[in-house]
Every structure is written in structure tokens, then in C-alpha cells.
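What follows is the content of target01.cif, which has mmCIF, C-alpha atoms and all ligand atoms:
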data_coords
loop_
_atom_site.label_atom_id
_atom_site.label_comp_id
_atom_site.auth_asym_id
_atom_site.auth_seq_id
_atom_site.Cartn_x
_atom_site.Cartn_y
_atom_site.Cartn_z
CA MET A 1 103.53 66.44 105.06
CA HIS A 2 105.63 69.42 103.93
CA HIS A 3 107.94 69.46 100.90
CA ILE A 4 111.10 71.51 100.53
CA SER A 5 110.21 73.85 97.69
CA ASN A 6 111.82 76.67 95.73
CA PRO A 7 109.05 78.99 94.44
CA SER A 8 110.13 81.87 92.19
CA ILE A 9 108.01 84.32 94.18
CA LEU A 10 106.71 84.44 97.74
CA TYR A 11 103.64 86.65 97.17
CA PHE A 12 101.39 85.03 99.77
CA GLY A 13 98.59 87.60 99.60
CA THR A 14 98.69 91.32 100.35
CA PRO A 15 96.41 94.29 99.61
CA VAL A 16 96.69 96.13 96.31
CA VAL A 17 97.57 99.83 96.58
CA LEU A 18 97.47 102.37 93.75
CA VAL A 19 100.30 104.78 94.45
CA GLY A 20 99.60 108.25 93.08
CA THR A 21 102.65 110.46 92.49
CA THR A 22 103.49 113.66 90.64
CA ASN A 23 106.00 113.64 87.78
CA SER A 24 108.63 116.38 87.46
CA ASP A 25 106.44 118.13 84.83
CA GLN A 26 103.50 118.10 87.34
CA THR A 27 101.55 115.41 85.41
CA TYR A 28 100.34 112.41 87.41
CA ASN A 29 101.61 108.84 87.63
CA LEU A 30 99.69 105.91 89.11
CA ALA A 31 101.16 102.49 89.90
CA PRO A 32 99.71 99.31 91.38
CA ILE A 33 101.80 97.71 94.10
CA SER A 34 100.92 95.04 96.64
CA SER A 35 103.88 95.03 99.01
CA ALA A 36 102.47 97.17 101.79
CA PHE A 37 101.70 97.08 105.48
CA TRP A 38 100.70 99.61 108.11
CA LEU A 39 101.68 100.09 111.75
CA GLY A 40 99.86 103.02 113.24
CA TYR A 41 99.98 105.85 110.71
CA ARG A 42 103.27 104.58 109.25
CA CYS A 43 103.24 102.53 106.06
CA MET A 44 106.04 100.44 104.57
CA ILE A 45 105.91 99.81 100.84
CA GLY A 46 108.19 97.49 98.89
CA ILE A 47 108.92 98.87 95.46
CA ALA A 48 111.36 98.58 92.56
CA ALA A 49 114.31 100.89 93.22
CA HIS A 50 114.21 102.33 89.69
CA SER A 51 110.46 102.64 89.07
CA LYS A 52 108.96 106.01 88.11
CA THR A 53 106.97 105.91 91.34
CA THR A 54 110.10 105.56 93.49
CA GLU A 55 111.81 108.35 91.53
CA ASN A 56 108.76 110.61 92.07
CA ILE A 57 108.46 109.85 95.80
CA LEU A 58 112.15 110.50 96.42
CA ARG A 59 112.07 113.76 94.43
CA SER A 60 108.77 115.17 95.75
CA GLY A 61 108.79 113.56 99.21
CA GLU A 62 105.15 112.55 98.95
CA CYS A 63 102.51 110.27 97.46
CA VAL A 64 98.94 109.07 97.95
CA LEU A 65 98.21 105.44 98.82
CA ASN A 66 94.86 104.73 97.17
CA LEU A 67 93.32 101.41 98.25
CA PRO A 68 90.99 99.83 95.69
CA SER A 69 88.21 97.52 96.77
CA VAL A 70 87.32 94.36 94.84
CA ASP A 71 85.03 96.60 92.73
CA GLN A 72 88.05 98.30 91.10
CA VAL A 73 89.75 95.08 89.98
CA GLU A 74 89.30 95.82 86.26
CA ALA A 75 90.84 99.29 86.57
CA VAL A 76 93.80 97.84 88.49
CA ASP A 77 94.32 95.17 85.86
CA ARG A 78 94.37 97.83 83.12
CA LEU A 79 97.41 99.35 84.91
CA ALA A 80 99.37 96.10 84.89
CA LEU A 81 102.49 95.93 82.68
CA LEU A 82 102.59 99.72 82.27
CA THR A 83 105.33 102.06 83.41
CA GLY A 84 105.67 105.81 83.56
CA THR A 85 109.38 105.45 82.70
CA SER A 86 110.43 106.17 79.11
CA PRO A 87 112.29 104.45 77.58
CA VAL A 88 111.08 101.26 79.26
CA PRO A 89 113.97 99.71 81.25
CA ALA A 90 115.36 96.44 79.79
CA GLY A 91 114.14 94.32 82.72
CA LYS A 92 110.58 95.58 82.22
CA LEU A 93 110.73 95.20 78.43
CA ALA A 94 111.57 91.52 78.95
CA LYS A 95 108.40 91.17 81.06
CA GLY A 96 106.23 92.84 78.39
CA TYR A 97 105.87 96.32 79.90
CA SER A 98 105.10 99.40 77.80
CA TYR A 99 105.29 103.13 78.50
CA GLU A 100 102.10 104.99 79.39
CA ALA A 101 102.06 108.73 80.08
CA ASP A 102 98.42 108.96 81.25
CA LYS A 103 97.68 105.98 83.47
CA PHE A 104 94.53 107.57 84.94
CA LYS A 105 93.00 107.68 81.45
CA LYS A 106 94.27 104.20 80.61
CA ALA A 107 92.74 102.74 83.79
CA GLY A 108 89.51 104.73 83.40
CA VAL A 109 89.81 106.33 86.85
CA THR A 110 89.48 109.95 87.96
CA PRO A 111 92.23 112.03 89.58
CA LEU A 112 91.26 114.11 92.61
CA GLU A 113 93.41 116.78 94.23
CA SER A 114 94.70 116.02 97.71
CA ASN A 115 94.54 118.26 100.79
CA LEU A 116 98.16 118.33 101.95
CA VAL A 117 100.24 116.82 99.15
CA LYS A 118 100.43 117.50 95.40
CA ALA A 119 100.13 113.79 94.51
CA PRO A 120 96.73 112.64 93.20
CA ARG A 121 93.96 110.66 94.85
CA VAL A 122 91.81 108.19 92.87
CA LEU A 123 88.10 109.04 93.16
CA GLU A 124 86.95 105.44 92.62
CA CYS A 125 89.08 104.00 95.49
CA PRO A 126 87.29 103.95 98.88
CA VAL A 127 90.52 104.77 100.79
CA HIS A 128 92.97 107.63 100.12
CA LEU A 129 95.99 108.02 102.40
CA GLU A 130 97.99 111.18 101.78
CA ALA A 131 101.56 110.41 102.83
CA ARG A 132 105.01 111.90 103.17
CA PHE A 133 108.31 110.09 102.60
CA VAL A 134 110.30 109.33 105.78
CA SER A 135 113.12 106.92 104.93
CA ILE A 136 114.46 104.39 102.43
CA HIS A 137 115.80 100.90 103.18
CA PRO A 138 117.55 98.97 100.40
CA LEU A 139 116.66 95.27 100.18
CA GLY A 140 119.52 92.85 99.68
CA ALA A 141 122.20 95.50 100.21
CA GLU A 142 124.57 92.89 101.63
CA THR A 143 124.98 91.50 98.09
CA GLY A 144 126.50 94.77 96.85
CA ILE A 145 125.17 98.22 96.01
CA ASP A 146 124.89 97.39 92.27
CA GLN A 147 122.60 94.46 93.06
CA ILE A 148 119.89 96.50 94.78
CA ARG A 149 116.64 96.08 92.85
CA SER A 150 114.04 96.84 95.49
CA VAL A 151 113.66 99.25 98.37
CA ALA A 152 111.32 99.55 101.32
CA LEU A 153 110.03 103.07 101.82
CA GLU A 154 108.66 104.28 105.14
CA LEU A 155 105.80 106.72 104.60
CA LYS A 156 103.94 108.78 107.19
CA VAL A 157 100.19 109.08 106.61
CA VAL A 158 99.23 112.73 107.07
CA ARG A 159 95.58 112.72 106.00
CA VAL A 160 93.01 109.93 105.63
CA HIS A 161 89.95 110.05 103.33
CA LEU A 162 87.39 107.23 103.59
CA ALA A 163 84.29 106.59 101.47
CA GLY A 164 81.08 106.71 103.52
CA SER A 165 80.26 103.21 102.24
CA ILE A 166 82.98 101.59 104.43
CA LEU A 167 82.45 103.62 107.60
CA SER A 168 80.82 102.31 110.75
CA ASP A 169 77.27 103.68 111.15
CA ALA A 170 78.02 104.65 114.75
CA ASN A 171 81.49 106.16 114.33
CA PRO A 172 82.86 108.03 111.28
CA ASP A 173 86.42 107.45 112.55
CA HIS A 174 86.06 103.67 112.31
CA VAL A 175 86.22 101.41 109.26
CA ASP A 176 83.61 98.65 109.44
CA PRO A 177 85.53 95.51 108.36
CA ASN A 178 82.23 93.96 107.25
CA LYS A 179 81.91 96.76 104.67
CA TRP A 180 85.56 97.06 103.57
CA LYS A 181 86.37 94.59 100.76
CA PRO A 182 90.10 94.98 99.98
CA LEU A 183 91.51 93.75 96.70
CA ILE A 184 94.16 91.14 97.46
CA MET A 185 96.97 89.97 95.19
CA SER A 186 98.11 86.41 95.80
CA PHE A 187 100.80 84.90 93.54
CA GLN A 188 100.02 87.46 90.77
CA HIS A 189 96.25 86.78 90.85
CA PHE A 190 93.39 88.87 92.25
CA TYR A 191 91.23 87.77 95.19
CA GLY A 192 88.84 89.25 97.72
CA LEU A 193 88.54 88.33 101.39
CA GLY A 194 86.08 85.73 102.63
CA SER A 195 83.60 86.49 105.39
CA GLN A 196 84.52 86.83 109.08
CA LEU A 197 85.54 83.46 110.58
CA GLN A 198 84.88 83.89 114.31
CA PRO A 199 85.07 86.57 116.99
CA ALA A 200 88.67 87.73 117.60
CA LYS A 201 90.16 88.07 121.08
CA LEU A 202 92.33 90.98 119.86
CA ALA A 203 89.18 92.95 119.03
CA SER A 204 88.57 93.31 122.77
CA VAL A 205 91.26 96.04 122.65
CA PRO A 206 89.51 99.38 122.00
CA GLU A 207 90.88 100.91 118.77
CA ARG A 208 91.40 104.28 120.47
CA LEU A 209 94.29 102.72 122.45
CA TYR A 210 96.27 102.57 119.20
CA ARG A 211 96.09 106.34 118.68
CA THR A 212 99.45 108.12 118.66
CA PHE A 213 100.76 111.62 118.05
CA ASP A 214 100.75 110.76 114.30
CA THR A 215 97.03 109.92 114.45
CA GLU A 216 96.16 113.21 116.13
CA SER A 217 98.27 115.29 113.77
CA ALA A 218 96.52 113.80 110.71
CA LYS A 219 93.14 115.20 111.88
CA ALA A 220 91.55 117.76 109.59
CA THR A 221 91.48 121.14 111.31
CA HIS A 222 88.67 122.58 109.18
C1 LIG B 301 98.60 93.81 91.22
C2 LIG B 301 100.01 94.32 91.07
C3 LIG B 301 100.85 94.33 92.15
C4 LIG B 301 102.16 94.82 92.04
N1 LIG B 301 102.96 94.86 93.15
C5 LIG B 301 104.17 95.46 93.07
C6 LIG B 301 104.96 95.67 94.25
O1 LIG B 301 104.55 95.31 95.35
N2 LIG B 301 106.15 96.31 94.12
C7 LIG B 301 106.61 96.74 92.90
O2 LIG B 301 107.70 97.33 92.83
N3 LIG B 301 105.90 96.54 91.78
C8 LIG B 301 104.69 95.93 91.84
N4 LIG B 301 103.93 95.78 90.71
C9 LIG B 301 104.52 96.21 89.42
C10 LIG B 301 104.45 97.73 89.25
O3 LIG B 301 103.12 98.11 89.01
C11 LIG B 301 105.38 98.11 88.11
O4 LIG B 301 106.73 98.09 88.59
C12 LIG B 301 105.10 99.44 87.46
O5 LIG B 301 106.00 99.62 86.39
C13 LIG B 301 105.21 100.62 88.39
O6 LIG B 301 104.83 101.78 87.67
P1 LIG B 301 105.92 102.95 87.39
O7 LIG B 301 107.05 102.30 86.65
O8 LIG B 301 105.16 103.94 86.54
O9 LIG B 301 106.32 103.47 88.72
C14 LIG B 301 102.64 95.28 90.79
C15 LIG B 301 101.78 95.25 89.68
C16 LIG B 301 100.47 94.78 89.82
C17 LIG B 301 99.57 94.79 88.62
#
Take the structure in the file and give it back as C-alpha cells.
Ligand SMILES: Cc1cc2nc3c(=O)[nH]c(=O)nc-3n(C[C@H](O)[C@H](O)[C@H](O)COP(=O)(O)O)c2cc1C
Amino acid sequence: MHHISNPSILYFGTPVVLVGTTNSDQTYNLAPISSAFWLGYRCMIGIAAHSKTTENILRSGECVLNLPSVDQVEAVDRLALLTGTSPVPAGKLAKGYSYEADKFKKAGVTPLESNLVKAPRVLECPVHLEARFVSIHPLGAETGIDQIRSVALELKVVRVHLAGSILSDANPDHVDPNKWKPLIMSFQHFYGLGSQLQPAKLASVPERLYRTFDTESAKATH
């Protein structure tokens, strides 16, 4: 039996990403988001149009998508309700946000330099995806340009860094899903994934068949 319902949010469960960006004065910003998916080496993120992170990505053309595992949940939670925008916008003030200039320090995580972009990686996260901005898609634009509150950004992953702890023993270019424990946000709460349910028919497709020009060009040459 289903009921017609009208939930305030439709956050059904997506991975948490810590987006590292560089401010105009070359200091670092770090923001948790959870609206993200990947197709090949392209990533779409859903983000507030006027957040510091969006401003930084549009100005610098780059960011790092740092993926925390369940082990970093406390650090992620310390970043909640913080913004790198000063003064804090009215909409965020109403939700209890405050300004924080040094979110790495506040979260207790360590910035690492990237290879190809100026934006920071987060040492404690097992996955670092250096990425460049490709395009912006306003959400809800049909309601009028003044109404746009969120945008989807297409990002191209240009370099991938993976902790040894999540790699397959046999192949360093393969993430072992039995070792990777993504942090999931579902309806504003943190979860991990359960264990594997059953063998998947899709897994009969060799992963190498998904490689594209993007994949090859993200290879380290040194
Ligand atoms: C777990 C978690 C998930 C979040 N997911 C999103 C999201 O998907 N998109 C978004 O715009 N904000 C999301 N937020 C809120 C942002 O972190 C917030 O807008 C923050 O102010 C961004 O930082 P900035 O203003 O310094 O860019 C999330 C916050 C938390 C704690």
C-alpha cells in the first residue's frame, strides 16, 4: 500500500563528497556535499548556486572531489553548518550556519597539494579526484532566473588518487568494493553500506570496457 506523500526533501541516499577548492586569496575551502554521481570520468554535482564552493569552482575552473569513508564521519559532521562565505547569506543564517575561514583545521583534516589542480586534497579521505569544470546547468530555470537556487556542475576527472587500503590485491587500477566503505547521507543522516547481497549479472562486464579517452588521459605519465 503506497500513500501520496509530500516530503520536504527527497534525499534518498547518496555518497558524501568533500569538495576542496581554492579561494581568491589562495587559501583553501572545503565543503561537504552529497548530490553527486559519476559516469565514466565525468561527475555531476548538485550544489547551491551561491555557495563559496560554486564561486570558487567557477572562478578557478577546478576542484578536488574527496570521498570520505565511514571512518571520516566525525570530520564530515564537524563541517556541517559552516560556510566559507562572509557575511553568511540570510538563507544560511536562518538554518544556523556560521562563517569558518579554515575548515581543514575545524574538521581536523590535513590538506595535501594536488598534481594537476591548485585545489586541495584531503589526506584522510581514501579517494581524491582532481577535476576541472566543464559546464553549469541551472536547476528550476523555468521558474525564472531570480528563482535559481541550485546548479548542477559537470566536472571532468583529470587525476585519480586511491588509498592502498581500498585497492584490489591483484590490480592497482581497480577498487575492491568489499574494501571501499563510502559514507552515505540519507535524509540528512549518516549511514554506511551493508554487505554484498548477491552476485550481480552486470559484473560480468569487464571494467576495462568502460574505459574512454578521458580515462586514458587521466593516467599519470611519471
Ligand atoms: C552531509 C552533508 C551533505 C550536504 N550536501 C549538499 C549538497 O548536496 N549540495 C549542497 O549545495 N549543499 C550540501 N550540503 C550543505 C553544504 O555543505 C553547505 O551549503 C556549505 O555552506 C557549503 O560550504 P561553502 O558555503 O563554504 O561552499 C551538505 C552538507 C552536509 C553536512
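Each of A:Leu116, A:Cys125, A:Ala200, A:Leu93 was compared to ligand LIG 301 (chain B) using only C-alpha atoms and all ligand atoms, and A:Leu93 turns out to be the nearest.
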Inset, instruction - Check which residues fall inside 6 Å of ligand LIG 301 (chain B) when counting all atoms listed in the file, and print them as a ChimeraX atom specification. - result: /A:16,31-35,46-48,51-53,77,80,82-85,185
Inset, instruction - List the neighbours of Ser165 (chain A) out to 9 Å using only C-alpha atoms; skip same-chain residues closer than 2 positions along the sequence, and give me the result as a ChimeraX atom specification. - result: /A:126,162-163,167-168,179-180
Legend entry - Given only C-alpha atoms as the counted atoms, nearest of A:Ile9, A:Ile145, A:Leu202, A:Val158 to His128 (chain A): A:Val158
Legend entry - Coordinates-based distance that separates CA of Val160 (chain A) from CA of Leu79 (chain A) (Å, one decimal): 23.7 Å
Inset, instruction - Check the smallest atom-to-atom distance from each of A:Asn178, A:Thr143, A:Ser135, A:Ser5 to Gln196 (chain A) using only C-alpha atoms, then report the winner. - result: A:Asn178
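Minimum atom-to-atom distance to Val127 (chain A), evaluated using all atoms listed in the file, belongs to A:Ser69 out of A:Ser69, A:Asn115, A:Thr21, A:Asn171.
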Inset, instruction - Grab the CA of Leu39 (chain A) to CA of His189 (chain A) distance for me, in Å with one decimal place. - result: 25.4 Å
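With all atoms listed in the file as the basis for measurement, A:Arg208 is the residue among A:Leu30, A:Arg208, A:Gly144, A:Leu197 that approaches His174 (chain A) most closely.
Here CA of Ala75 (chain A) stands at a distance of 23.6 Å from CA of Met44 (chain A).
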Inset, instruction - List every protein, DNA or RNA residue that has an atom no more than 10 Å from (98.3, 114.3, 96.4) in the file's coordinate frame, counting only C-alpha atoms, and report them as a ChimeraX atom specification. - result: /A:19-22,28,62-65,111-122,128-132
Regenerate region 96-121 of chain A at the level of N, CA, C and O atoms and dump it as an mmCIF file, keeping the file's coordinate frame.
data_model
loop_
_atom_site.group_PDB
_atom_site.id
_atom_site.type_symbol
_atom_site.label_atom_id
_atom_site.label_comp_id
_atom_site.auth_asym_id
_atom_site.auth_seq_id
_atom_site.Cartn_x
_atom_site.Cartn_y
_atom_site.Cartn_z
ATOM 1 N N GLY A 96 107.366 92.420 79.222
ATOM 2 C CA GLY A 96 106.230 92.840 78.390
ATOM 3 C C GLY A 96 105.647 94.186 78.749
ATOM 4 O O GLY A 96 104.522 94.513 78.344
ATOM 5 N N TYR A 97 106.377 94.996 79.516
ATOM 6 C CA TYR A 97 105.870 96.320 79.900
ATOM 7 C C TYR A 97 105.923 97.296 78.734
ATOM 8 O O TYR A 97 106.773 97.200 77.847
ATOM 9 N N SER A 98 105.016 98.289 78.748
ATOM 10 C CA SER A 98 105.100 99.400 77.800
ATOM 11 C C SER A 98 104.934 100.717 78.559
ATOM 12 O O SER A 98 104.440 100.744 79.697
ATOM 13 N N TYR A 99 105.357 101.798 77.883
ATOM 14 C CA TYR A 99 105.290 103.130 78.500
ATOM 15 C C TYR A 99 103.876 103.686 78.372
ATOM 16 O O TYR A 99 103.244 103.570 77.327
ATOM 17 N N GLU A 100 103.403 104.324 79.442
ATOM 18 C CA GLU A 100 102.100 104.990 79.390
ATOM 19 C C GLU A 100 102.197 106.307 80.157
ATOM 20 O O GLU A 100 102.502 106.320 81.352
ATOM 21 N N ALA A 101 101.940 107.420 79.445
ATOM 22 C CA ALA A 101 102.060 108.730 80.080
ATOM 23 C C ALA A 101 100.832 109.063 80.923
ATOM 24 O O ALA A 101 100.944 109.724 81.950
ATOM 25 N N ASP A 102 99.640 108.600 80.509
ATOM 26 C CA ASP A 102 98.420 108.960 81.250
ATOM 27 C C ASP A 102 97.736 107.693 81.771
ATOM 28 O O ASP A 102 96.818 107.149 81.161
ATOM 29 N N LYS A 103 98.206 107.247 82.936
ATOM 30 C CA LYS A 103 97.680 105.980 83.470
ATOM 31 C C LYS A 103 96.271 106.138 84.045
ATOM 32 O O LYS A 103 95.510 105.172 84.097
ATOM 33 N N PHE A 104 95.918 107.361 84.477
ATOM 34 C CA PHE A 104 94.530 107.570 84.940
ATOM 35 C C PHE A 104 93.557 107.288 83.791
ATOM 36 O O PHE A 104 92.558 106.587 83.964
ATOM 37 N N LYS A 105 93.873 107.869 82.622
ATOM 38 C CA LYS A 105 93.000 107.680 81.450
ATOM 39 C C LYS A 105 92.976 106.212 81.050
ATOM 40 O O LYS A 105 91.917 105.640 80.780
ATOM 41 N N LYS A 106 94.160 105.605 81.024
ATOM 42 C CA LYS A 106 94.270 104.200 80.610
ATOM 43 C C LYS A 106 93.442 103.288 81.529
ATOM 44 O O LYS A 106 92.789 102.343 81.073
ATOM 45 N N ALA A 107 93.474 103.579 82.832
ATOM 46 C CA ALA A 107 92.740 102.740 83.790
ATOM 47 C C ALA A 107 91.258 103.091 83.822
ATOM 48 O O ALA A 107 90.441 102.308 84.308
ATOM 49 N N GLY A 108 90.912 104.281 83.333
ATOM 50 C CA GLY A 108 89.510 104.730 83.400
ATOM 51 C C GLY A 108 89.143 105.198 84.798
ATOM 52 O O GLY A 108 88.006 105.010 85.239
ATOM 53 N N VAL A 109 90.100 105.797 85.516
ATOM 54 C CA VAL A 109 89.810 106.330 86.850
ATOM 55 C C VAL A 109 90.064 107.845 86.862
ATOM 56 O O VAL A 109 90.705 108.389 85.970
ATOM 57 N N THR A 110 89.545 108.491 87.910
ATOM 58 C CA THR A 110 89.480 109.950 87.960
ATOM 59 C C THR A 110 90.430 110.524 88.988
ATOM 60 O O THR A 110 90.338 110.161 90.171
ATOM 61 N N PRO A 111 91.350 111.418 88.581
ATOM 62 C CA PRO A 111 92.230 112.030 89.580
ATOM 63 C C PRO A 111 91.490 113.077 90.411
ATOM 64 O O PRO A 111 90.649 113.800 89.892
ATOM 65 N N LEU A 112 91.821 113.115 91.691
ATOM 66 C CA LEU A 112 91.260 114.110 92.610
ATOM 67 C C LEU A 112 92.433 114.796 93.284
ATOM 68 O O LEU A 112 93.408 114.132 93.657
ATOM 69 N N GLU A 113 92.337 116.096 93.498
ATOM 70 C CA GLU A 113 93.410 116.780 94.230
ATOM 71 C C GLU A 113 93.403 116.345 95.687
ATOM 72 O O GLU A 113 92.366 115.998 96.243
ATOM 73 N N SER A 114 94.574 116.375 96.299
ATOM 74 C CA SER A 114 94.700 116.020 97.710
ATOM 75 C C SER A 114 94.626 117.289 98.558
ATOM 76 O O SER A 114 94.620 118.399 98.031
ATOM 77 N N ASN A 115 94.573 117.104 99.879
ATOM 78 C CA ASN A 115 94.540 118.260 100.790
ATOM 79 C C ASN A 115 95.925 118.806 101.069
ATOM 80 O O ASN A 115 96.150 120.003 101.025
ATOM 81 N N LEU A 116 96.863 117.892 101.406
ATOM 82 C CA LEU A 116 98.160 118.330 101.950
ATOM 83 C C LEU A 116 99.335 118.028 101.039
ATOM 84 O O LEU A 116 100.416 118.554 101.262
ATOM 85 N N VAL A 117 99.142 117.149 100.053
ATOM 86 C CA VAL A 117 100.240 116.820 99.150
ATOM 87 C C VAL A 117 99.801 117.129 97.711
ATOM 88 O O VAL A 117 98.609 117.288 97.454
ATOM 89 N N LYS A 118 100.777 117.196 96.806
ATOM 90 C CA LYS A 118 100.430 117.500 95.400
ATOM 91 C C LYS A 118 100.062 116.227 94.635
ATOM 92 O O LYS A 118 99.480 116.301 93.561
ATOM 93 N N ALA A 119 100.412 115.067 95.184
ATOM 94 C CA ALA A 119 100.130 113.790 94.510
ATOM 95 C C ALA A 119 98.617 113.556 94.448
ATOM 96 O O ALA A 119 97.870 114.055 95.299
ATOM 97 N N PRO A 120 98.175 112.799 93.432
ATOM 98 C CA PRO A 120 96.730 112.640 93.200
ATOM 99 C C PRO A 120 96.087 111.502 93.986
ATOM 100 O O PRO A 120 96.687 110.456 94.213
ATOM 101 N N ARG A 121 94.807 111.731 94.329
ATOM 102 C CA ARG A 121 93.960 110.660 94.850
ATOM 103 C C ARG A 121 93.188 110.048 93.677
ATOM 104 O O ARG A 121 93.157 110.612 92.588
#
